[in-house]
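A.B. asks: One structure is given below, represented as structure tokens, and several questions about it will come after.
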Amino acid sequence: MLYDKNPPYPHYDNLPYGKEPWKALYVFQRLFTTLLLVPVWVVYYSIVPRRYRPRASWNLRQIVNINFTRRIFKVTEVAGVTWGTRDPTKAPEERTLRETRFEWVEPLKEEWRTGILNTQTIPFNRVGCFVWPKVVHPEVHKVRTRWGSNPHEGQLEQTIDLEDHSGEVPIIGIFMHGGGYCHMSANESSRTSRIPRGLVERKIMQEVYSVEYRLLQHAPFPAVVIDAAAVYAHVIEQYGIRRSKCKIVLIGDSSGGNLVLSLARWLRDEAHLPAPDGLLLLSPSSDPSQNLPETLSSYIPRPNERSDYLVDNPEPRALLQRTFLGFASQQGTTAQDEEKRLVEVIHSEYVSPCSPIVLKRWGHEAKQDPEGQHEQHFVRNVFKRLPTALRITRAPSALERSVILPQSEGEGAKVDAGPTVVLPHNAEKQLNPAVQTNEALLSPPPIHPMSVTSSTSSADDTLVSTSPIAPVKSIQSNGKPVSDATASHNYRATCGFPTLFAEFPRSLVVCGDAERLVREVRSLISAMEKDGVDLNVVWASDACHDVLILDPFWWDKKVIEDVWNGVDKWAAGFKDSDIPVPDTST
């Protein structure tokens, strides 16, 4: 039963327990010893004073749940076990769906494939989604029928009955499930589906589209954003959102929250589609750069090791992160080129918006390291011992500065050439081996890392790294071509917005104060508030990561209920706003 007949995914090839029979043996011993430990935990924590528990407020079931989950969770990374996944290219059998209906969404339109979604290497596939509830809500049906039965063919000419304001404003959710981009699915049987189920059952939202985006096993970044954008565009067209009363809310837990932040940034930067009305971020992962070794974030310890089930396994986590970003294997690049590009991409605003590097780039405080002591330790005791190749790519001061020089057609650029990242003349020779601050180096343009090549210009000895992702003409600022005057600026200039989270929609952040992501979430909250986002925060008392996916039997029901009440109160703010005004200009 434990023996896995399926071959391991390529990114697990180097794990010692990633292949059979060692995989089955490791999983068996881990499960067996964990079961043996359960009565030990019960007896021990029944005897010792409550102050010795991970949290004094926790009961025995909470302690057993966290300790058990944490030990089993390690199996997923050390032995390459995946939980609750499914093939995103296949529809589920109808008989297995009791609470949802399954829909296929057509690939994202070609004219919208710009910015980070302008990729030549990742296919644009149709996307599956599980729609809650199975039967269409009356208010949702009312809005949908106003716009005709086939909005994809332009049947959006009908007008809303402005006399009919008796019904509530339907809130449509688009849910991105968590699971570290390698576990779980959008299926109603998944643990993460407790979130859309709760939103619908509690009548907080009238309909929720749960996106079956491609996990890292199937395609690297930005495939997740491509799939999420396709479903978002589908919902926008389905409800004629430009003129209807519907409110669209993007929802994401854990890595799904990271995806929501990335999608919201793409929607803002490219301006092809109306912005969502709200973001619901549940324990959002906002600093994945922590998973890469020898980065600044990896040397900032995460708190709450005993009160959360998230674990730190550096090598497996680094493997997963590299695979997610498309660096599992790079053809035609040297190890140094690949490492350089990897670190640039992981510190981009689209991937790690709340890494200390990105936060400092935009003038924000990094709550993970408010005094800067970990950065000082990294520079003084770790950084100078790194090989030259790693020093070139991992200098915090270097990653705070970036230059993107797009090739122009007049300079002999190829038609499919993308943004060109240029290091200053003799940058590597300017390094001081003793200090290694690397002031001259660059930070990332927000583009896809696949198929990166590297060359050296003999004319001026300038190092050049070119990605074929975005054609020259697609480099845009807020949906408009970048002028020559701004071409030499970094993403901060070319995105066309003054702050990191400028013009982000109304948002709610939910986080447990006992989870390991608490510091990076605090950084996210601080940055969003400083940038003027209409933000609400719900702190779940003594709660671990992603508390809403937990079975109430294993957790404090009052804490879970308090979180749901906070979400309901926040969502109620949409129901009295924005009644459409008739257009009398014609």
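So you can find residues: chains in the structure tokens are A, B, ... in the order shown, residues in each start at 1, and ligands are numbered from 1 in order.
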Give me the residues within 8 Å of Val224 (chain A) as a PDB file with N, CA and C atoms, in the first residue's frame, counting only C-alpha atoms and dropping any in the same chain fewer than 5 places off.

C.D. replies:
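And here is the file that came out, around.pdb:
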ATOM      1  N   TYR A 213      -5.116  25.250 -11.022  1.00  0.00           N
ATOM      2  CA  TYR A 213      -3.917  25.716 -11.724  1.00  0.00           C
ATOM      3  C   TYR A 213      -2.853  24.610 -11.756  1.00  0.00           C
ATOM      4  N   ARG A 214      -1.924  24.749 -12.676  1.00  0.00           N
ATOM      5  CA  ARG A 214      -0.868  23.750 -12.831  1.00  0.00           C
ATOM      6  C   ARG A 214       0.159  23.869 -11.707  1.00  0.00           C
ATOM      7  N   LEU A 215       0.411  22.768 -11.018  1.00  0.00           N
ATOM      8  CA  LEU A 215       1.427  22.737  -9.984  1.00  0.00           C
ATOM      9  C   LEU A 215       2.810  22.664 -10.622  1.00  0.00           C
ATOM     10  N   LEU A 259       0.020  33.557  -4.891  1.00  0.00           N
ATOM     11  CA  LEU A 259      -0.490  33.631  -6.262  1.00  0.00           C
ATOM     12  C   LEU A 259      -1.462  34.793  -6.423  1.00  0.00           C
TER      13      LEU A 259
END

A.B. asks: Check the DSSP output for the backbone and give back, as a list in words, the residues of region 527-568 of chain A in alpha helix (DSSP H).

C.D. replies: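 Here are the alpha helix (DSSP H) residues of region 527-568 of chain A: Ala527, Met528, Glu529, Lys530, Lys557, Lys558, Val559, Ile560, Glu561, Asp562, Val563, Trp564, Asn565, Gly566, Val567 and Asp568 of chain A.
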
A.B. asks: Excluding same-chain residues fewer than 6 positions from region 247-249 of chain A, what lies within 12 Å of it counting only C-alpha atoms, as number ranges by chain?

C.D. replies: A: 140, 143, 168-176, 196, 199, 204-210, 231-241, 260, 263-264, 274-281, 505-508, 567, 570-579

A.B. asks: Using only C-alpha atoms, which residue out of A:Ala229, A:Val547, A:Val382, A:Val105 lies closest to Leu296 (chain A)?

C.D. replies: A:Val382

A.B. asks: Rounded to one decimal, what separation in Å do you get between CA of Asp551 (chain A) and CA of Asn65 (chain A)?

C.D. replies: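 Spanning CA of Asp551 (chain A) to CA of Asn65 (chain A) is a straight-line distance of 9.9 Å.
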
A.B. asks: Env of Cys511 (chain A): 10 Å cut, atoms = only C-alpha atoms, seq-sep filter 2 positions within chain, self excluded. Answer as a list of chain:residue names.

C.D. replies: A:Asp253, A:Ser254, A:Leu281, A:Leu282, A:Ser283, A:Pro284, A:Val509, A:Asp513, A:Ala514, A:Glu515, A:Leu517, A:Val518, A:Val521, A:Arg522, A:Val537, A:Val538, A:Trp539, A:Ala540, A:Ser541, A:Asp542, A:Ala543, A:Cys544, A:His545, A:Asp546, A:Val547, A:Val563

A.B. asks: Figure out the distance between CA of Cys129 (chain A) and CA of Phe102 (chain A), please, to one decimal in Å.

C.D. replies: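 CA of Cys129 (chain A) lies at a distance of 5.8 Å from CA of Phe102 (chain A).
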
A.B. asks: Neighbours of region 36-42 of chain A within 12 Å (only C-alpha atoms; same-chain residues fewer than 6 positions away dropped), as a ChimeraX atom specification?

C.D. replies: /A:29-30,48,53-54,59-69,71

A.B. asks: Go ahead and save the picked residues with C-alpha atoms, as a PDB file, in the first residue's frame.

C.D. replies:
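Written file, out_3.pdb:
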ATOM      1  CA  GLN A  29       8.989   4.193   9.701  1.00  0.00           C
ATOM      2  CA  ARG A  30       7.960   7.855   9.906  1.00  0.00           C
ATOM      3  CA  VAL A  48       3.487  19.111  32.836  1.00  0.00           C
ATOM      4  CA  ARG A  53       2.843  23.453  26.095  1.00  0.00           C
ATOM      5  CA  PRO A  54       3.589  25.022  22.691  1.00  0.00           C
ATOM      6  CA  ASN A  59      -5.748  21.538  24.553  1.00  0.00           C
ATOM      7  CA  LEU A  60      -4.334  18.047  24.022  1.00  0.00           C
ATOM      8  CA  ARG A  61      -6.005  17.596  20.644  1.00  0.00           C
ATOM      9  CA  GLN A  62      -4.389  20.747  19.299  1.00  0.00           C
ATOM     10  CA  ILE A  63      -0.962  19.617  20.514  1.00  0.00           C
ATOM     11  CA  VAL A  64      -1.337  16.143  19.015  1.00  0.00           C
ATOM     12  CA  ASN A  65      -2.612  17.607  15.743  1.00  0.00           C
ATOM     13  CA  ILE A  66       0.353  19.969  15.309  1.00  0.00           C
ATOM     14  CA  ASN A  67       3.029  17.484  16.406  1.00  0.00           C
ATOM     15  CA  PHE A  68       1.574  14.715  14.245  1.00  0.00           C
ATOM     16  CA  THR A  69       1.153  16.930  11.180  1.00  0.00           C
ATOM     17  CA  ARG A  71       6.283  14.934  11.570  1.00  0.00           C
TER      18      ARG A  71
END

A.B. asks: DSSP on the backbone, strand (DSSP E) only: what residues of region 275-394 of chain A does that give? Format it as a PyMOL selection string.

C.D. replies: chain A and resi 278-282

A.B. asks: Write the residues of the selection above to a file with N, CA and C atoms, as an mmCIF file, in the first residue's frame.

C.D. replies:
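Generated output (out_37.cif):
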data_model
loop_
_atom_site.group_PDB
_atom_site.id
_atom_site.type_symbol
_atom_site.label_atom_id
_atom_site.label_comp_id
_atom_site.auth_asym_id
_atom_site.auth_seq_id
_atom_site.Cartn_x
_atom_site.Cartn_y
_atom_site.Cartn_z
ATOM 1 N N GLY A 278 -11.635 43.035 -4.300
ATOM 2 C CA GLY A 278 -11.024 42.739 -3.014
ATOM 3 C C GLY A 278 -10.063 41.570 -3.082
ATOM 4 N N LEU A 279 -9.185 41.509 -2.082
ATOM 5 C CA LEU A 279 -8.259 40.390 -1.911
ATOM 6 C C LEU A 279 -8.466 39.817 -0.519
ATOM 7 N N LEU A 280 -8.657 38.511 -0.451
ATOM 8 C CA LEU A 280 -8.762 37.810 0.827
ATOM 9 C C LEU A 280 -7.539 36.912 0.952
ATOM 10 N N LEU A 281 -6.600 37.307 1.808
ATOM 11 C CA LEU A 281 -5.304 36.644 1.928
ATOM 12 C C LEU A 281 -5.241 35.893 3.251
ATOM 13 N N LEU A 282 -5.212 34.576 3.186
ATOM 14 C CA LEU A 282 -5.243 33.720 4.365
ATOM 15 C C LEU A 282 -3.863 33.094 4.580
#

A.B. asks: What does the distance between CA of Glu99 (chain A) and CA of Tyr309 (chain A) come to in Å, to one decimal place?

C.D. replies: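 Computed distance, CA of Glu99 (chain A) to CA of Tyr309 (chain A), equals 28.9 Å.
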
A.B. asks: Would you kindly return, as a list in words, each protein, DNA or RNA residue with an atom no farther than 12 Å from any atom of Tyr26 (chain A), considering only C-alpha atoms and excluding same-chain residues fewer than 2 positions away?

C.D. replies: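 Contacts, with the query itself left out: Leu2, Tyr3, Leu15, Pro16, Tyr17, Gly18, Lys19, Glu20, Pro21, Trp22, Lys23, Ala24, Phe28, Gln29, Arg30, Leu31, Phe32, Thr33, Ile72, Lys74, Val75, Thr76, Glu77, Val78, Ala79, Gly80 and Val81 of chain A.
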
A.B. asks: Name all residues at most 8 Å from Val351 (chain A) (count only C-alpha atoms; drop same-chain ones fewer than 6 positions away) and give them as a PyMOL selection string.

C.D. replies: chain A and resi 258+262+286-288+345

A.B. asks: With distances taken over only C-alpha atoms, which residue among A:Glu520, A:Glu294, A:Glu103, A:Glu365 lies nearest Phe378 (chain A)?

C.D. replies: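 Distance minimum relative to Phe378 (chain A) lands on A:Glu294.
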
A.B. asks: Would you mind listing, for every residue of region 17-115 of chain A within 12 Å of region 220-223 of chain A, the two atoms forming the shortest contact and the distance between them in Å to one decimal, using only C-alpha atoms, sorted by chain and ascending residue number, as CSV?

C.D. replies:
residue,atom,partner,partner_atom,distance
A:Pro107,CA,A:Ala223,CA,11.5
A:Leu108,CA,A:Ala223,CA,11.3
A:Arg113,CA,A:Pro222,CA,11.3
A:Thr114,CA,A:Pro222,CA,11.7
A:Gly115,CA,A:Pro222,CA,10.6

A.B. asks: Using only C-alpha atoms, find the one residue out of A:Leu292, A:Val343, A:Pro387, A:Ile549 that sits nearest to Gly178 (chain A).

C.D. replies: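 Among A:Leu292, A:Val343, A:Pro387, A:Ile549, it is A:Ile549 that comes nearest to Gly178 (chain A).
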
A.B. asks: Give the answer as one residue: which of A:Arg70, A:Ala366, A:Arg302, A:Tyr181 has the shortest atom-to-atom distance to Thr34 (chain A), using only C-alpha atoms?

C.D. replies: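 Ranking A:Arg70, A:Ala366, A:Arg302, A:Tyr181 by distance to Thr34 (chain A), first place goes to A:Arg70.
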